[in-house]
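Below: one structure, written as structure tokens.
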Amino acid sequence: MSLIELKNLQKIYNTTAVPVHAVNGVSLKIEKKEFTAIVGPSGSGKTTLLNIVGGLDKPTEGEVCIDGRNIVTISDSKLIDYRLHNIGFVFQAYNLIPVFTALENVEFIMLLQGLEKKKREERAKELLVNVGLEDRINARPAELSGGQQQRVAVARALASHPSFVLADEPTANLDSESAESLLDLMESLNEQYEMTFIFSTHDVRVMNRARRIIRLVDGKIAEDKHRDRKN
Amino acid sequence: MLLALAWKNIWRNKKRSLIIIAAIAFGLWGGLFSDAVMMGSVESMVETAISRDLSHIQIHKTDYEQDKDIRNFIPAGIDVIRDVKQLGEVAGVSGRTIIYGMAASPTSSFGVKINSIEPRYAKQVTNLDQQIIDGDYFASERRNQILIGKKLGQRLNLKLRSKVVLSFQNLEGNIAYIACRVTGIYKTNSTPFDEANVFVQQADLFRILETEPIVHEIAIRLQNAEVLDPVVVRLKSNYPDLQIERWDELAPELAYLSETTAIYSYFFVAIILFALLFGITNTMLMSVVDRIRELGMLMAIGMKKGRVFAMILLETIMLSLTGGIAGTIISVATIAYYGHSGIDLSAIATSLESWGASTMLYPFLPVVMYIVMTVMILFTANIAALMPAWKAIRLVPSEAIRNY
């Protein structure tokens, strides 16, 4: 069974006079441990597709099966729980809680899961060490660089033991050095934890690292290419 | 951690939070201090009336209120006084022989209530001895001394050592006279009282009336007001044929004033909190709007709507309580200061004295008022949180993250 299976996914926005097909008949399978980039020009439906896979948006038609379970039919309140326990998110603008330290930001998602304080703290510290922020544990987001903030976001995404991580344009706000460093980290986490990463991006640096590239044009899959990682 | 997050969120925009906290604090301070002034004023009126003549409990013959004839005295009143003195909760008992008559000076006359008392017992019940502004409180052994109020003195053109003739109906229904010498002039906080009441010694009156001691009124002062109910119950059981009345039955207007002031006090604070409610709601709405992307993120990663609602509610409660606590501290300090030193209202003494209020005002607020106020703040915070919290949980995470 594939980790993620999308079946004839459609997403139509009727907000304008002419309906917009943001996602138009997408069917694909993503296996465990994949390092996949969904690419395409602006308006091609990358983010919409990622939102639907992440349970943040509902398709107009089609199925989103994760580990064989169609999440489209799950109620909104159960879907929040589902996201909490199964999906890790990394956002373009980091989206950390500004009043919390790096440690607290990573801990917070485990608090939502109901983990006890000691376990939360241990895992949060371990993850922050793994993303190379052992000396910035008590720093607040405003005291961290963009690259460091995105590393905290990655640690937070992993903290809930998700089945996969969705990253929406994770390098868009980073300089080259930070972007490369973040991608190194994600690759190593992909290897180390066998964590599945799915990116939406039009950053060449991400595309160069991805082992599978799904190209979207006008909401349809124009190309689905598997390849070996470049060294 | 949710509590910590809520608390930290309040201080994201320090200036905005401090403004609303200050508004709550000073609004409450204004409300509570005004309440304390009102309550202190009423308490002062009650205490003044009790100490001046009312006392805590009065005993009369059952129909005395309808028929204040000199012959309508308490049967075996002296025995009742003796028995009541034995009660442990009683601080003082004074038997009063009361006659309504005329006081005449060489220039004028005026209808007065002649209060005939035993001075050493009367001073255990009322504080007339402390209100003497000229002369003394039956200090000498002379016969036919009279204490008059300053206002009556002005009306009848009487001074210390002036001669006053009291005329009244005696026990046989004939007119009797007693010529008295003014040995003391008193001044209380009530001008009408000072104008209408004169005090003579019972021995002088009984001599003129040629009677054994009789009393129309037994005034009882208790050790403290808390024992009022049980003492009244016991007296009613011991003297079923007599009229036993508490101070608030004797002066229902004071009791009404005391009760309505308490209600107005809550109402006053409620109005202030109602006005503040809009300010708090506005502050919290701005706070939510500032954090739409973050709230969307929280819901995206798995924070349930109930928790988001609870977080906004907690923030509102913490914000309101911070203002409430600050306001309470300022209020307690101000009320304690003026409660000790008093507020001098002698500039408007004339109008205050016309309705029996003291010119020194001691603000006072019962502890229960602070407790009720805390509950009212919590209630206000809950109401104020509804709209911002509702706005927060209505957010669609994907839109909130992307569009804000």
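Following the order of the structure tokens, first chain is A, next is B, and so on, with residues numbered from 1 inside each chain and ligands from 1 in the order they appear.
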
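Residue neighbourhood of region 187-191 of chain A, excluding near-sequence residues (fewer than 6 positions): Lys32, Lys33, Glu34, Phe35, Thr36, Leu127, Asn130, Val131, Gly132, Arg151, Val154, Ala155, Ala157, Leu158, Ser163, Phe164, Val165, Glu180, Ser181, Phe197, Ile198, Val206, Asn208, Arg209, Ala210, Arg211, Arg229, Lys230 and Asn231 of chain A, at 12 Å, using only C-alpha atoms.
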
Would you mind listing, for every residue of chain A within 6 Å of chain B, the two atoms forming the shortest contact and the distance between them in Å to one decimal, using only C-alpha atoms, sorted by chain and ascending residue number, as CSV?
```
residue,atom,partner,partner_atom,distance
A:Leu56,CA,B:Ser398,CA,5.7
A:Ile80,CA,B:Gly302,CA,4.9
A:Asp81,CA,B:Gly302,CA,5.8
A:Arg83,CA,B:Gly302,CA,5.6
A:Leu84,CA,B:Gly302,CA,4.2
```

Show which residues sit within 12 Å of Tyr94 (chain A), as a ChimeraX atom specification. Count only C-alpha atoms, and ignore same-chain residues fewer than 3 positions away.
/A:89-91,97-98,102,105,141-142,144-157,167-174 /B:293-294,297,401

Write out as a compact mmCIF listing (two decimals) with N, CA and C atoms, in the first residue's frame each polymer residue whose atoms come within 10 Å of Met318 (chain B), counting only C-alpha atoms; drop sequence neighbours fewer than 2 positions from it.
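The new file part-v6.txt reads:
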```txt
# COMPACT_ATOMS: atom_id res chain seq x y z
N LEU B 3 -1.45 28.41 29.28
CA LEU B 3 -1.55 29.59 30.14
C LEU B 3 -0.39 30.54 29.86
N ALA B 6 -0.88 32.22 26.59
CA ALA B 6 -1.90 33.27 26.70
C ALA B 6 -1.32 34.51 27.36
N TRP B 7 -0.57 34.30 28.45
CA TRP B 7 0.03 35.42 29.18
C TRP B 7 1.03 36.17 28.31
N ILE B 10 -0.48 38.39 25.62
CA ILE B 10 -0.99 39.70 26.08
C ILE B 10 0.08 40.77 25.90
N ILE B 312 -7.92 32.33 23.50
CA ILE B 312 -8.37 33.73 23.38
C ILE B 312 -9.12 34.13 24.66
N LEU B 313 -9.93 33.19 25.16
CA LEU B 313 -10.68 33.46 26.39
C LEU B 313 -9.72 33.71 27.56
N LEU B 314 -8.70 32.84 27.65
CA LEU B 314 -7.70 33.00 28.72
C LEU B 314 -6.99 34.35 28.61
N GLU B 315 -6.63 34.69 27.38
CA GLU B 315 -5.95 35.98 27.18
C GLU B 315 -6.84 37.14 27.65
N THR B 316 -8.12 37.06 27.30
CA THR B 316 -9.04 38.14 27.68
C THR B 316 -9.21 38.19 29.19
N SER B 320 -8.07 41.27 31.50
CA SER B 320 -9.07 41.95 32.33
C SER B 320 -8.71 41.85 33.81
N LEU B 321 -8.27 40.65 34.21
CA LEU B 321 -7.93 40.47 35.64
C LEU B 321 -6.72 41.30 36.04
N THR B 322 -5.77 41.45 35.10
CA THR B 322 -4.60 42.27 35.41
C THR B 322 -5.05 43.71 35.70
N GLY B 323 -5.92 44.21 34.82
CA GLY B 323 -6.49 45.55 35.05
C GLY B 323 -7.31 45.58 36.33
N GLY B 324 -8.07 44.50 36.54
CA GLY B 324 -8.92 44.42 37.74
C GLY B 324 -8.11 44.42 39.01
N LEU B 378 -14.70 38.80 35.67
CA LEU B 378 -14.58 37.52 34.96
C LEU B 378 -15.74 37.36 33.96
N ALA B 381 -15.09 39.66 31.06
CA ALA B 381 -14.02 39.14 30.21
C ALA B 381 -14.56 38.03 29.31
```

Report the residues of region 23-263 of chain B whose backbone DSSP state falls under helix (DSSP H, G or I), written as number ranges by chain.
B: 23-54, 77-85, 119-125, 128-130, 150-156, 191-196, 202-209, 225-238, 247-250, 252-263

Could you save those same residues with C-alpha atoms as a short mmCIF file (atom, residue, chain, number, x, y, z; two decimals), in the first residue's frame?
```cif
data_model
loop_
_atom_site.label_atom_id
_atom_site.label_comp_id
_atom_site.auth_asym_id
_atom_site.auth_seq_id
_atom_site.Cartn_x
_atom_site.Cartn_y
_atom_site.Cartn_z
CA ALA B 23 -8.56 51.85 31.42
CA ILE B 24 -9.86 48.88 33.43
CA ALA B 25 -7.78 49.80 36.49
CA PHE B 26 -8.79 53.45 36.61
CA GLY B 27 -12.38 52.72 35.61
CA LEU B 28 -12.66 50.28 38.50
CA TRP B 29 -10.85 52.61 40.84
CA GLY B 30 -13.31 55.37 40.02
CA GLY B 31 -16.25 53.03 40.46
CA LEU B 32 -15.05 51.40 43.67
CA PHE B 33 -13.96 54.63 45.29
CA SER B 34 -17.28 56.27 44.44
CA ASP B 35 -19.04 53.21 45.86
CA ALA B 36 -16.92 53.43 49.01
CA VAL B 37 -17.80 57.11 49.40
CA MET B 38 -21.51 56.34 48.98
CA MET B 39 -21.38 53.38 51.36
CA GLY B 40 -19.24 55.27 53.85
CA SER B 41 -21.73 58.12 53.75
CA VAL B 42 -24.69 55.80 54.39
CA GLU B 43 -22.81 53.83 57.06
CA SER B 44 -21.97 57.12 58.71
CA MET B 45 -25.64 58.18 58.63
CA VAL B 46 -26.71 54.85 60.14
CA GLU B 47 -24.01 54.87 62.81
CA THR B 48 -24.72 58.53 63.58
CA ALA B 49 -28.43 57.83 63.96
CA ILE B 50 -27.80 54.77 66.16
CA SER B 51 -25.38 56.68 68.37
CA ARG B 52 -27.45 59.85 68.47
CA ASP B 53 -30.77 58.44 69.69
CA LEU B 54 -31.86 55.36 67.78
CA GLY B 77 -40.64 49.26 82.57
CA ILE B 78 -38.00 49.52 85.33
CA ASP B 79 -38.13 45.74 85.80
CA VAL B 80 -37.72 45.23 82.07
CA ILE B 81 -34.66 47.51 82.11
CA ARG B 82 -33.17 45.57 85.00
CA ASP B 83 -33.71 42.22 83.21
CA VAL B 84 -32.37 43.41 79.86
CA LYS B 85 -29.18 44.64 81.55
CA PRO B 119 -27.62 60.57 82.28
CA ARG B 120 -25.15 57.91 83.43
CA TYR B 121 -27.15 55.15 81.67
CA ALA B 122 -28.04 57.24 78.64
CA LYS B 123 -24.36 57.82 77.86
CA GLN B 124 -23.87 54.05 77.64
CA VAL B 125 -26.37 53.97 74.79
CA LEU B 128 -25.03 62.96 73.43
CA ASP B 129 -22.41 63.61 76.11
CA GLN B 130 -19.82 63.94 73.33
CA LYS B 150 -27.91 74.56 69.11
CA LYS B 151 -30.67 75.04 66.53
CA LEU B 152 -33.37 75.29 69.21
CA GLY B 153 -31.16 77.72 71.07
CA GLN B 154 -31.02 79.92 67.99
CA ARG B 155 -34.79 79.63 67.44
CA LEU B 156 -35.68 80.51 71.05
CA THR B 191 -30.22 69.95 62.50
CA PRO B 192 -33.85 68.74 62.71
CA PHE B 193 -32.93 66.60 65.74
CA ASP B 194 -31.17 69.52 67.43
CA GLU B 195 -34.20 71.69 66.92
CA ALA B 196 -36.79 69.25 68.22
CA GLN B 202 -35.74 61.78 85.04
CA ALA B 203 -35.57 62.70 88.75
CA ASP B 204 -36.68 66.28 87.93
CA LEU B 205 -39.56 65.12 85.75
CA PHE B 206 -40.80 62.44 88.15
CA ARG B 207 -40.82 65.06 90.93
CA ILE B 208 -43.06 67.35 88.88
CA LEU B 209 -45.26 64.46 87.77
CA ALA B 225 -24.31 44.74 65.63
CA GLU B 226 -23.74 41.08 64.68
CA VAL B 227 -25.70 39.86 67.73
CA LEU B 228 -28.74 41.97 66.81
CA ASP B 229 -30.88 39.13 65.44
CA PRO B 230 -30.46 36.64 68.30
CA VAL B 231 -31.00 39.35 70.93
CA VAL B 232 -34.18 40.57 69.21
CA VAL B 233 -35.46 36.97 69.02
CA ARG B 234 -34.79 36.48 72.72
CA LEU B 235 -36.43 39.78 73.72
CA LYS B 236 -39.51 39.03 71.63
CA SER B 237 -39.78 35.66 73.33
CA ASN B 238 -39.32 37.20 76.82
CA TRP B 247 -32.91 50.06 64.32
CA ASP B 248 -33.77 49.28 60.71
CA GLU B 249 -37.44 48.88 61.64
CA LEU B 250 -37.38 52.10 63.62
CA PRO B 252 -36.80 52.13 57.61
CA GLU B 253 -35.62 55.03 55.47
CA LEU B 254 -32.06 54.41 56.68
CA ALA B 255 -32.36 50.67 56.09
CA TYR B 256 -33.74 51.36 52.61
CA LEU B 257 -30.91 53.78 51.91
CA SER B 258 -28.35 51.23 53.11
CA GLU B 259 -29.79 48.45 50.95
CA THR B 260 -30.31 50.53 47.83
CA THR B 261 -26.82 52.00 48.11
CA ALA B 262 -25.40 48.47 48.03
CA ILE B 263 -27.47 47.68 44.94
#
```

Which neighbours of region 13-25 of chain A fall inside 6 Å, counting only C-alpha atoms, when residues of the same chain fewer than 2 positions from it are skipped, and could you give them as a short mmCIF file (atom, residue, chain, number, x, y, z; two decimals) with C-alpha atoms, in the first residue's frame?
```cif
data_model
loop_
_atom_site.label_atom_id
_atom_site.label_comp_id
_atom_site.auth_asym_id
_atom_site.auth_seq_id
_atom_site.Cartn_x
_atom_site.Cartn_y
_atom_site.Cartn_z
CA ASN A 8 -8.73 11.76 -9.73
CA LEU A 9 -8.41 14.84 -7.53
CA GLN A 10 -10.34 17.93 -8.61
CA LYS A 11 -10.45 21.31 -6.96
CA GLY A 45 -1.98 24.36 -8.30
CA GLY A 219 -3.66 21.84 -12.25
CA LYS A 220 -2.68 18.74 -14.24
#
```

Ranking A:Leu216, A:Met195, A:Ile137, A:Leu166 by minimum distance to Gln92 (chain A) and counting only C-alpha atoms, which one comes first?
A:Leu166

Mind listing the strand (DSSP E) residues of region 38-105 of chain A, per DSSP on the backbone, as JSON, numbers by chain?
{"A": [38, 39, 61, 62, 63, 64, 65, 66, 69, 70, 87, 88, 89, 90]}

In Å, with one decimal, what is the gap from CA of Gly95 (chain B) to CA of Ala219 (chain B)?
6.4 Å

Distance CA of Leu185 (chain A)-CA of Lys125 (chain A), one decimal place?
16.2 Å
